[in-house]
Amino acid sequence: MDGNMHATSTSTTRHGCPSDFEWIERCTRPRGEAAAKGGGGRGRGSEEEEEPMWEGCQCVGDRECFSVPCICDCVERSGGTPYDPATGLVKEERLGVHSLPIYECSSLCSCNCANRVVQRGRAPPLQCFMTEHKGWGVRTLQSLPKGQFVTEYCGEIISSVEAKSRREARAINTPEAPTFLLTTREIIETPQGNNKVLTLNIDSTTQGNIARFFNHSCEPNLSLLLVRTTSLLPQVAFFTSRAVVTGEELCWNYGGGGTGVQAPEYCGSLPKKICNCGSVHCLGYIPFM
């Protein structure tokens, strides 16, 4: 993320990324007491919310979930078909700031349809590189169409109490260091028909994947969507918001630009950081940093 200019180590891990963190492919929980307490209660990433919350659909085959005769429970929860079944690209209307969450079919379903994009993992080849003004960044090694799933944001799932503690410690001890803490907040309907505010905190400071190196842009080429399979806890997924050419840096708007996503948490005691995205409509500073 922006602010990584301190990362000058020549030692790199996969995809050319610096090796000062543990590489993971799925979100984890911190070891010890924080994990034993879950996420700090419902709505804050508790283990209760990782349990299966819905029954799978009873559609058959690889196309029925997308056909009119079948009222697929997963598609219905998504407010309609989220992906193009022929290409796997997310539909354009899903890329808006106020898009509905996506519910994919899962191992609980009897189908084998195309509504399983994010759970199948990252597909396009990506590479870390040192940018001119922003520290480490990520570029694509092939052209990507609009709506392409790129990767999810991986890190430690922590409670809101722990997130607050880490932000305060950073403000005191390392105020100039980049933050890798991403928080999402959304109002969702539970299987019981009740509305609730769900907060998810993902910290990729010590454990993460290539998504931790995505920089901010005031005119990004990535959108963030929240994607669920069986539980209330979503995966935070990046999709291309426009066509992207080979070698182009991949960026997202730290101020939002996706369903319920509020970006790395802003700590009020820290000064604003200058934005170096270089876009025509640059705001001049990085939101929430």
# chains A, B, ... in the order shown; residues from 1 in each chain; ligands from 1
$ select_by_dssp --residues "region 13-254 of chain A" --states "strand (DSSP E)" --output "JSON, numbers by chain"
{"A": [22, 23, 102, 103, 126, 127, 128, 129, 130, 136, 137, 138, 139, 140, 149, 150, 151, 152, 156, 157, 158, 181, 182, 183, 184, 185, 186, 187, 188, 189, 195, 196, 197, 198, 199, 200, 201, 202, 203, 207, 208, 215, 216, 222, 223, 224, 225, 226, 227, 228, 235, 236, 237, 238, 239, 240, 251, 252]}
$ closest_atom_pairs --of "region 70-157 of chain A" --to "region 226-247 of chain A" --cutoff "6 Å" --atoms "only C-alpha atoms" --output "CSV"
residue,atom,partner,partner_atom,distance
A:Pro101,CA,A:Leu226,CA,5.3
A:Ile102,CA,A:Val227,CA,4.7
A:Tyr103,CA,A:Arg228,CA,4.8
A:Glu104,CA,A:Thr229,CA,5.0
A:Ser106,CA,A:Thr229,CA,5.7
A:Arg139,CA,A:Gly247,CA,5.5
A:Thr140,CA,A:Gly247,CA,5.3
A:Leu141,CA,A:Thr246,CA,5.3
A:Gln142,CA,A:Thr246,CA,4.4
A:Ser143,CA,A:Val245,CA,4.4
A:Leu144,CA,A:Val244,CA,5.0
A:Pro145,CA,A:Ala243,CA,4.5
A:Lys146,CA,A:Arg242,CA,4.3
A:Gly147,CA,A:Thr240,CA,5.0
A:Gln148,CA,A:Thr240,CA,5.3
A:Phe149,CA,A:Phe239,CA,4.4
A:Val150,CA,A:Phe239,CA,5.5
A:Thr151,CA,A:Phe238,CA,5.6
A:Glu152,CA,A:Ala237,CA,4.2
A:Tyr153,CA,A:Val236,CA,5.5
$ closest_atom_pairs --of "region 56-156 of chain A" --to "region 186-190 of chain A" --cutoff "12 Å" --atoms "only C-alpha atoms" --output "JSON lines"
{"residue": "A:Arg77", "atom": "CA", "partner": "A:Glu189", "partner_atom": "CA", "distance": 9.7}
{"residue": "A:Ser78", "atom": "CA", "partner": "A:Ile188", "partner_atom": "CA", "distance": 11.6}
{"residue": "A:His98", "atom": "CA", "partner": "A:Glu186", "partner_atom": "CA", "distance": 10.7}
{"residue": "A:Ser99", "atom": "CA", "partner": "A:Glu186", "partner_atom": "CA", "distance": 11.4}
{"residue": "A:Leu100", "atom": "CA", "partner": "A:Ile188", "partner_atom": "CA", "distance": 9.9}
{"residue": "A:Pro101", "atom": "CA", "partner": "A:Ile188", "partner_atom": "CA", "distance": 9.0}
{"residue": "A:Ile102", "atom": "CA", "partner": "A:Ile188", "partner_atom": "CA", "distance": 11.7}
$ closest_residue --among "A:Ser110, A:Ser223, A:Thr206, A:Thr131" --to "Leu95 (chain A)" --atoms "only C-alpha atoms"
A:Ser223
$ residues_around --residues "Cys65 (chain A)" --least-positions-apart "6" --cutoff "12 Å" --atoms "only C-alpha atoms" --output "number ranges by chain"
A: 56-59, 71-76, 80-85, 104-105, 109-116
$ write_last_selection --atoms "N, CA and C atoms" --output "compact mmCIF listing (two decimals), in the first residue's frame"
# COMPACT_ATOMS: atom_id res chain seq x y z
N GLY A 56 -27.52 -25.07 1.17
CA GLY A 56 -27.15 -24.91 -0.22
C GLY A 56 -28.36 -25.05 -1.13
N CYS A 57 -28.20 -24.60 -2.37
CA CYS A 57 -29.31 -24.70 -3.33
C CYS A 57 -29.44 -26.14 -3.83
N GLN A 58 -30.59 -26.44 -4.38
CA GLN A 58 -30.88 -27.79 -4.87
C GLN A 58 -30.90 -27.84 -6.39
N CYS A 59 -30.28 -26.84 -7.03
CA CYS A 59 -30.22 -26.83 -8.50
C CYS A 59 -29.34 -27.98 -8.99
N ILE A 71 -35.22 -21.27 -9.17
CA ILE A 71 -35.07 -20.15 -8.25
C ILE A 71 -33.96 -20.52 -7.27
N CYS A 72 -32.72 -20.26 -7.68
CA CYS A 72 -31.56 -20.64 -6.89
C CYS A 72 -31.49 -19.77 -5.63
N ASP A 73 -31.39 -20.40 -4.46
CA ASP A 73 -31.34 -19.66 -3.21
C ASP A 73 -30.14 -18.72 -3.16
N CYS A 74 -28.99 -19.16 -3.66
CA CYS A 74 -27.77 -18.34 -3.62
C CYS A 74 -27.91 -17.12 -4.51
N VAL A 75 -28.42 -17.32 -5.71
CA VAL A 75 -28.63 -16.20 -6.63
C VAL A 75 -29.68 -15.25 -6.09
N GLU A 76 -30.72 -15.80 -5.48
CA GLU A 76 -31.77 -14.97 -4.92
C GLU A 76 -31.23 -14.10 -3.78
N GLY A 80 -30.04 -11.39 -7.61
CA GLY A 80 -29.92 -11.64 -9.05
C GLY A 80 -28.58 -12.28 -9.37
N THR A 81 -28.42 -12.71 -10.59
CA THR A 81 -27.20 -13.39 -11.02
C THR A 81 -26.01 -12.45 -10.98
N PRO A 82 -24.98 -12.71 -10.17
CA PRO A 82 -23.86 -11.77 -10.07
C PRO A 82 -22.84 -11.89 -11.19
N TYR A 83 -22.70 -13.08 -11.78
CA TYR A 83 -21.68 -13.31 -12.79
C TYR A 83 -22.29 -13.68 -14.14
N ASP A 84 -21.53 -13.40 -15.19
CA ASP A 84 -21.88 -13.90 -16.51
C ASP A 84 -21.49 -15.37 -16.56
N PRO A 85 -22.44 -16.29 -16.74
CA PRO A 85 -22.10 -17.71 -16.68
C PRO A 85 -21.14 -18.16 -17.77
N GLU A 104 -22.14 -16.85 -3.30
CA GLU A 104 -21.78 -17.88 -4.25
C GLU A 104 -22.33 -19.24 -3.82
N CYS A 105 -22.53 -20.11 -4.80
CA CYS A 105 -22.86 -21.49 -4.48
C CYS A 105 -21.63 -22.14 -3.84
N CYS A 109 -24.14 -26.96 -1.90
CA CYS A 109 -25.09 -26.97 -3.02
C CYS A 109 -24.94 -28.25 -3.85
N SER A 110 -26.01 -28.62 -4.53
CA SER A 110 -25.98 -29.83 -5.36
C SER A 110 -25.56 -29.54 -6.80
N CYS A 111 -25.36 -28.25 -7.12
CA CYS A 111 -25.04 -27.86 -8.49
C CYS A 111 -23.53 -27.86 -8.72
N ASN A 112 -23.15 -27.59 -9.96
CA ASN A 112 -21.75 -27.39 -10.34
C ASN A 112 -21.69 -26.20 -11.29
N CYS A 113 -22.25 -25.08 -10.84
CA CYS A 113 -22.45 -23.94 -11.74
C CYS A 113 -21.28 -22.96 -11.70
N ALA A 114 -21.42 -21.88 -12.47
CA ALA A 114 -20.37 -20.87 -12.58
C ALA A 114 -20.43 -19.84 -11.47
N ASN A 115 -21.36 -20.00 -10.53
CA ASN A 115 -21.48 -19.05 -9.42
C ASN A 115 -20.50 -19.42 -8.30
N ARG A 116 -19.24 -19.61 -8.69
CA ARG A 116 -18.20 -20.04 -7.74
C ARG A 116 -16.87 -19.38 -8.11
$ residues_around --residues "Ile274 (chain A)" --least-positions-apart "6" --cutoff "9 Å" --atoms "only C-alpha atoms" --output "PyMOL selection string"
chain A and resi 284-286
$ write_last_selection --atoms "all heavy atoms" --output "PDB file, in the first residue's frame"
ATOM      1  N   GLY A 284      -5.392  14.783  -3.711  1.00  0.00           N
ATOM      2  CA  GLY A 284      -4.251  15.388  -3.049  1.00  0.00           C
ATOM      3  C   GLY A 284      -3.789  14.661  -1.802  1.00  0.00           C
ATOM      4  O   GLY A 284      -2.665  14.866  -1.344  1.00  0.00           O
ATOM      5  N   TYR A 285      -4.637  13.841  -1.218  1.00  0.00           N
ATOM      6  CA  TYR A 285      -4.257  13.081  -0.047  1.00  0.00           C
ATOM      7  C   TYR A 285      -4.918  11.703  -0.101  1.00  0.00           C
ATOM      8  O   TYR A 285      -5.866  11.492  -0.833  1.00  0.00           O
ATOM      9  CB  TYR A 285      -4.651  13.788   1.240  1.00  0.00           C
ATOM     10  CG  TYR A 285      -6.158  13.984   1.409  1.00  0.00           C
ATOM     11  CD1 TYR A 285      -6.936  13.026   2.057  1.00  0.00           C
ATOM     12  CD2 TYR A 285      -6.787  15.103   0.889  1.00  0.00           C
ATOM     13  CE1 TYR A 285      -8.307  13.187   2.181  1.00  0.00           C
ATOM     14  CE2 TYR A 285      -8.168  15.272   1.018  1.00  0.00           C
ATOM     15  CZ  TYR A 285      -8.906  14.316   1.660  1.00  0.00           C
ATOM     16  OH  TYR A 285     -10.277  14.466   1.783  1.00  0.00           O
ATOM     17  N   ILE A 286      -4.386  10.764   0.691  1.00  0.00           N
ATOM     18  CA  ILE A 286      -4.898   9.402   0.702  1.00  0.00           C
ATOM     19  C   ILE A 286      -5.994   9.269   1.745  1.00  0.00           C
ATOM     20  O   ILE A 286      -5.738   9.526   2.922  1.00  0.00           O
ATOM     21  CB  ILE A 286      -3.776   8.393   0.996  1.00  0.00           C
ATOM     22  CG1 ILE A 286      -2.641   8.551  -0.025  1.00  0.00           C
ATOM     23  CG2 ILE A 286      -4.310   6.969   0.976  1.00  0.00           C
ATOM     24  CD1 ILE A 286      -1.436   7.684   0.271  1.00  0.00           C
TER      25      ILE A 286
END
$ closest_residue --among "A:Gly16, A:Gly278, A:Gly193, A:Gly155" --to "Asn215 (chain A)" --atoms "only C-alpha atoms"
A:Gly278
$ decode --residues "region 108-124 of chain A" --atoms "all heavy atoms" --output "compact mmCIF listing (two decimals), in the first residue's frame"
# COMPACT_ATOMS: atom_id res chain seq x y z
N LEU A 108 -22.12 -26.97 -0.15
CA LEU A 108 -23.42 -27.36 0.38
C LEU A 108 -24.48 -27.46 -0.72
O LEU A 108 -25.57 -27.96 -0.47
CB LEU A 108 -23.88 -26.34 1.43
CG LEU A 108 -22.97 -26.14 2.64
CD1 LEU A 108 -23.55 -25.07 3.57
CD2 LEU A 108 -22.80 -27.46 3.40
N CYS A 109 -24.14 -26.96 -1.90
CA CYS A 109 -25.09 -26.97 -3.02
C CYS A 109 -24.94 -28.25 -3.85
O CYS A 109 -23.87 -28.87 -3.89
CB CYS A 109 -24.87 -25.76 -3.91
SG CYS A 109 -25.06 -24.17 -3.07
N SER A 110 -26.01 -28.62 -4.53
CA SER A 110 -25.98 -29.83 -5.36
C SER A 110 -25.56 -29.54 -6.80
O SER A 110 -25.40 -30.45 -7.59
CB SER A 110 -27.36 -30.49 -5.35
OG SER A 110 -28.35 -29.59 -5.83
N CYS A 111 -25.36 -28.25 -7.12
CA CYS A 111 -25.04 -27.86 -8.49
C CYS A 111 -23.53 -27.86 -8.72
O CYS A 111 -22.74 -28.06 -7.81
CB CYS A 111 -25.59 -26.47 -8.78
SG CYS A 111 -24.81 -25.17 -7.77
N ASN A 112 -23.15 -27.59 -9.96
CA ASN A 112 -21.75 -27.39 -10.34
C ASN A 112 -21.69 -26.20 -11.29
O ASN A 112 -21.14 -26.28 -12.37
CB ASN A 112 -21.19 -28.65 -11.01
CG ASN A 112 -19.71 -28.51 -11.32
OD1 ASN A 112 -18.98 -27.83 -10.61
ND2 ASN A 112 -19.28 -29.13 -12.40
N CYS A 113 -22.25 -25.08 -10.84
CA CYS A 113 -22.45 -23.94 -11.74
C CYS A 113 -21.28 -22.96 -11.70
O CYS A 113 -20.31 -23.14 -10.96
CB CYS A 113 -23.75 -23.21 -11.38
SG CYS A 113 -23.64 -22.27 -9.86
N ALA A 114 -21.42 -21.88 -12.47
CA ALA A 114 -20.37 -20.87 -12.58
C ALA A 114 -20.43 -19.84 -11.47
O ALA A 114 -19.62 -18.91 -11.45
CB ALA A 114 -20.48 -20.17 -13.95
N ASN A 115 -21.36 -20.00 -10.53
CA ASN A 115 -21.48 -19.05 -9.42
C ASN A 115 -20.50 -19.42 -8.30
O ASN A 115 -20.86 -19.54 -7.14
CB ASN A 115 -22.92 -19.04 -8.89
CG ASN A 115 -23.16 -17.95 -7.87
OD1 ASN A 115 -22.53 -16.89 -7.90
ND2 ASN A 115 -24.07 -18.20 -6.93
N ARG A 116 -19.24 -19.61 -8.69
CA ARG A 116 -18.20 -20.04 -7.74
C ARG A 116 -16.87 -19.38 -8.11
O ARG A 116 -15.83 -20.02 -8.12
CB ARG A 116 -18.04 -21.56 -7.77
CG ARG A 116 -19.31 -22.35 -7.41
CD ARG A 116 -19.14 -23.82 -7.74
NE ARG A 116 -20.35 -24.59 -7.46
CZ ARG A 116 -20.55 -25.30 -6.36
NH1 ARG A 116 -19.62 -25.34 -5.43
NH2 ARG A 116 -21.68 -25.97 -6.18
N VAL A 117 -16.86 -18.12 -8.38
CA VAL A 117 -15.69 -17.43 -8.93
C VAL A 117 -14.62 -17.18 -7.87
O VAL A 117 -13.46 -17.59 -8.01
CB VAL A 117 -16.10 -16.11 -9.60
CG1 VAL A 117 -14.88 -15.30 -10.01
CG2 VAL A 117 -16.99 -16.38 -10.81
N VAL A 118 -14.98 -16.50 -6.80
CA VAL A 118 -13.98 -16.08 -5.80
C VAL A 118 -13.42 -17.28 -5.04
O VAL A 118 -12.22 -17.34 -4.77
CB VAL A 118 -14.60 -15.05 -4.83
CG1 VAL A 118 -13.65 -14.75 -3.68
CG2 VAL A 118 -14.94 -13.77 -5.58
N GLN A 119 -14.27 -18.25 -4.71
CA GLN A 119 -13.81 -19.39 -3.92
C GLN A 119 -12.79 -20.24 -4.66
O GLN A 119 -12.05 -21.02 -4.05
CB GLN A 119 -15.00 -20.26 -3.50
CG GLN A 119 -15.73 -20.89 -4.66
CD GLN A 119 -17.06 -21.49 -4.25
OE1 GLN A 119 -17.13 -22.66 -3.92
NE2 GLN A 119 -18.11 -20.69 -4.26
N ARG A 120 -12.72 -20.10 -5.99
CA ARG A 120 -11.76 -20.87 -6.77
C ARG A 120 -10.37 -20.24 -6.78
O ARG A 120 -9.42 -20.82 -7.30
CB ARG A 120 -12.28 -21.06 -8.20
CG ARG A 120 -13.43 -22.05 -8.26
CD ARG A 120 -14.07 -22.14 -9.61
NE ARG A 120 -15.09 -23.19 -9.64
CZ ARG A 120 -16.04 -23.28 -10.55
NH1 ARG A 120 -16.12 -22.36 -11.52
NH2 ARG A 120 -16.92 -24.25 -10.51
N GLY A 121 -10.25 -19.04 -6.23
CA GLY A 121 -8.94 -18.43 -6.06
C GLY A 121 -8.52 -17.52 -7.19
O GLY A 121 -9.18 -17.39 -8.22
N ARG A 122 -7.36 -16.88 -6.96
CA ARG A 122 -6.83 -15.91 -7.92
C ARG A 122 -6.40 -16.59 -9.21
O ARG A 122 -5.80 -17.66 -9.19
CB ARG A 122 -5.63 -15.17 -7.29
CG ARG A 122 -5.00 -14.13 -8.19
CD ARG A 122 -3.86 -13.43 -7.48
NE ARG A 122 -2.82 -14.36 -7.05
CZ ARG A 122 -1.87 -14.80 -7.86
NH1 ARG A 122 -1.83 -14.41 -9.13
NH2 ARG A 122 -0.95 -15.64 -7.41
N ALA A 123 -6.69 -15.96 -10.33
CA ALA A 123 -6.34 -16.52 -11.62
C ALA A 123 -5.26 -15.73 -12.36
O ALA A 123 -4.28 -16.30 -12.82
CB ALA A 123 -7.59 -16.65 -12.49
N PRO A 124 -5.38 -14.40 -12.55
CA PRO A 124 -4.41 -13.68 -13.38
C PRO A 124 -3.04 -13.58 -12.73
O PRO A 124 -2.93 -13.45 -11.50
CB PRO A 124 -5.05 -12.29 -13.52
CG PRO A 124 -5.93 -12.14 -12.33
CD PRO A 124 -6.46 -13.52 -12.06
